[in-house]
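See structure below.
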Amino acid sequence: MARFTVHRGAAVPLRRSNVDTDQIIPVRFCTRSTRHGHADALFADWRDDPSFVLNRQEHQGASVLVTGTDFGTGSSREYAVWALQDYGIRAVIAPRFGEIFRGNAALNGLLTVVVPTEVVESLWAAATADPVTEVTVDLERLEVRWLDRTQSFTFDPEIRRRLMTGLDPIAATLSHAEEIAAYERGRRTHLPLTS
């Protein structure tokens, strides 16, 4: 998993709330067993509309998705995270996320940032007025910065540590292999082993 510390990029304003995982990537596209190759299926049912925000030239290359409340609700499909990442999205900012989506995002290195609705609206306004406005998502300092504004956010400390080190849960556990082995050596021999 790629490390996430600080990301700077343009924002794309997705002015919609209650975006579920079937809208992020319809189930008919969830047929591959790999994490890659899903960018074309991102928001597939909305991409036929030339005015859809991801189709607009001024937002091409944006890497921070700013959206309304309850993003990523619905089914637990991990493909939703993979499609966003394949498209080039590194962080999603919203007032609230679907819990399972947020967990899948953390496991795959996609940062989800919860901020108040008025902050989302300010980011939408900035990205609409000037699509190249740089947004900084800083996991080290727990801040989102744009124009002359700074918004702090909170994040689960353990997931933050894993994202900043680039370790998924298995790699994080394996980083303690020596300690686990030492513990097992110190146990009484009649007890079951964990390996």
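Residue numbering restarts at 1 in every chain; chains get A, B, ... in the order shown in the structure tokens, and ligands count up from 1 in that same order.
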Practice item. Mind checking which residues fall within 8 Å of stretch 96-112 of chain A, counting only C-alpha atoms, ignoring those fewer than 2 positions away in the same chain, and posting them as an MDAnalysis selection string? Key: chainID A and resid 1:4 21 68:74 76:78 80:82 85 89:94 114:115 159 163 166 168:169
(message) Just want the 6 Å neighbourhood of stretch 52-63 of chain A, counted on only C-alpha atoms, with same-chain residues fewer than 2 positions away dropped. Output as number ranges by chain.
(response) A: 9-12, 49-50, 88-90
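Distance check against A:Ala125 using only C-alpha atoms: of A:Gly186, A:Arg161, A:Glu178, A:Trp146, the minimum falls on A:Trp146.
The closest residue to A:Arg141, picked from A:His38, A:Arg16, A:His190, A:His7 and counting only C-alpha atoms, is A:His7.
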Pick out the closest residue to A:Leu84 from this set: A:Leu42, A:Thr67, A:Ala129, A:Asp48. Count only C-alpha atoms.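 So, comparing all the options, the nearest one is A:Leu42.
The coordinates place atom CA of A:Phe29 at 9.0 Å from atom CA of A:Ala44.
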* What is the atom CA of A:Ala41 to atom CA of A:Ile25 distance in Å? ->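 If I compute the distance from atom CA of A:Ala41 to atom CA of A:Ile25, I get 5.8 Å.
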Given only C-alpha atoms as the basis, pick out the residue of A:Arg145, A:Arg162, A:Arg8, A:Arg15 nearest to A:Glu121.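 Ranking A:Arg145, A:Arg162, A:Arg8, A:Arg15 by distance to A:Glu121, first place goes to A:Arg15.
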Stretch 68-161 of chain A: residues DSSP assigns to helix (DSSP H, G or I), reported as JSON, numbers by chain: {"A": [79, 80, 81, 82, 83, 84, 85, 86, 87, 99, 100, 101, 102, 103, 104, 105, 106, 107, 108, 117, 118, 119, 120, 121, 122, 123, 124, 125, 126, 127, 128, 129, 157, 158, 159, 160, 161]}
Item checked: Picked from chain A by DSSP as strand (DSSP E), as a ChimeraX atom specification -> /A:6-14,64-67,91-94,111-114,134-138,143-146,149-152
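Across A:Thr5, A:Val120, A:Cys30, A:Arg188, the tightest approach to A:Leu142 is made by A:Thr5 when counting only C-alpha atoms.
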Taken to one decimal, the atom CA of A:Leu14-atom CA of A:Thr128 distance is 10.4 Å
Can you tell me which residues surround A:Val6 at a distance of at most 10 Å, considering only C-alpha atoms, apart from same-chain residues fewer than 6 positions away, and format the answer as a short mmCIF file (atom, residue, chain, number, x, y, z; two decimals) with all heavy atoms, in the first residue's frame?
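Just written: part.cif:
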data_model
loop_
_atom_site.label_atom_id
_atom_site.label_comp_id
_atom_site.auth_asym_id
_atom_site.auth_seq_id
_atom_site.Cartn_x
_atom_site.Cartn_y
_atom_site.Cartn_z
N THR A 136 -4.68 21.06 -0.26
CA THR A 136 -3.70 20.23 0.42
C THR A 136 -4.41 19.41 1.49
O THR A 136 -5.10 19.97 2.35
CB THR A 136 -2.61 21.09 1.08
OG1 THR A 136 -1.95 21.86 0.06
CG2 THR A 136 -1.59 20.23 1.81
N VAL A 137 -4.25 18.10 1.40
CA VAL A 137 -4.80 17.21 2.41
C VAL A 137 -3.60 16.66 3.17
O VAL A 137 -2.80 15.90 2.63
CB VAL A 137 -5.62 16.07 1.78
CG1 VAL A 137 -6.25 15.20 2.87
CG2 VAL A 137 -6.70 16.63 0.86
N ASP A 138 -3.46 17.11 4.41
CA ASP A 138 -2.26 16.86 5.20
C ASP A 138 -2.60 15.92 6.36
O ASP A 138 -3.19 16.35 7.36
CB ASP A 138 -1.73 18.21 5.71
CG ASP A 138 -0.38 18.09 6.39
OD1 ASP A 138 -0.06 16.99 6.89
OD2 ASP A 138 0.33 19.10 6.44
N LEU A 139 -2.23 14.66 6.20
CA LEU A 139 -2.52 13.68 7.25
C LEU A 139 -1.57 13.83 8.42
O LEU A 139 -1.91 13.48 9.54
CB LEU A 139 -2.46 12.25 6.67
CG LEU A 139 -2.92 11.12 7.58
CD1 LEU A 139 -4.36 11.31 8.04
CD2 LEU A 139 -2.76 9.77 6.87
N GLU A 140 -0.38 14.36 8.17
CA GLU A 140 0.57 14.58 9.27
C GLU A 140 0.03 15.62 10.24
O GLU A 140 0.05 15.43 11.44
CB GLU A 140 1.92 15.02 8.72
CG GLU A 140 2.66 13.93 7.98
CD GLU A 140 3.98 14.42 7.42
OE1 GLU A 140 4.05 15.57 6.92
OE2 GLU A 140 4.93 13.64 7.48
N ARG A 141 -0.44 16.73 9.71
CA ARG A 141 -0.94 17.83 10.55
C ARG A 141 -2.45 17.77 10.76
O ARG A 141 -3.00 18.61 11.47
CB ARG A 141 -0.54 19.17 9.92
CG ARG A 141 0.98 19.32 9.84
CD ARG A 141 1.38 20.56 9.11
NE ARG A 141 1.01 21.74 9.89
CZ ARG A 141 1.36 22.97 9.57
NH1 ARG A 141 2.08 23.18 8.49
NH2 ARG A 141 1.01 23.98 10.30
N LEU A 142 -3.12 16.81 10.13
CA LEU A 142 -4.58 16.66 10.23
C LEU A 142 -5.28 17.96 9.83
O LEU A 142 -6.12 18.50 10.54
CB LEU A 142 -4.99 16.22 11.64
CG LEU A 142 -4.51 14.83 12.07
CD1 LEU A 142 -4.80 14.58 13.54
CD2 LEU A 142 -5.14 13.75 11.21
N GLU A 143 -4.92 18.41 8.60
CA GLU A 143 -5.48 19.66 8.09
C GLU A 143 -5.82 19.52 6.60
O GLU A 143 -5.12 18.83 5.87
CB GLU A 143 -4.48 20.80 8.23
CG GLU A 143 -4.20 21.24 9.64
CD GLU A 143 -3.16 22.35 9.70
OE1 GLU A 143 -2.48 22.61 8.69
OE2 GLU A 143 -3.02 22.92 10.79
N VAL A 144 -6.85 20.25 6.19
CA VAL A 144 -7.13 20.50 4.78
C VAL A 144 -6.90 21.99 4.58
O VAL A 144 -7.42 22.81 5.34
CB VAL A 144 -8.58 20.13 4.40
CG1 VAL A 144 -8.86 20.50 2.94
CG2 VAL A 144 -8.84 18.65 4.62
N MET A 164 0.22 6.39 7.04
CA MET A 164 1.46 7.16 6.93
C MET A 164 2.68 6.27 6.75
O MET A 164 3.69 6.71 6.19
CB MET A 164 1.62 8.06 8.16
CG MET A 164 0.57 9.19 8.17
SD MET A 164 0.68 10.28 9.58
CE MET A 164 2.26 11.04 9.30
#
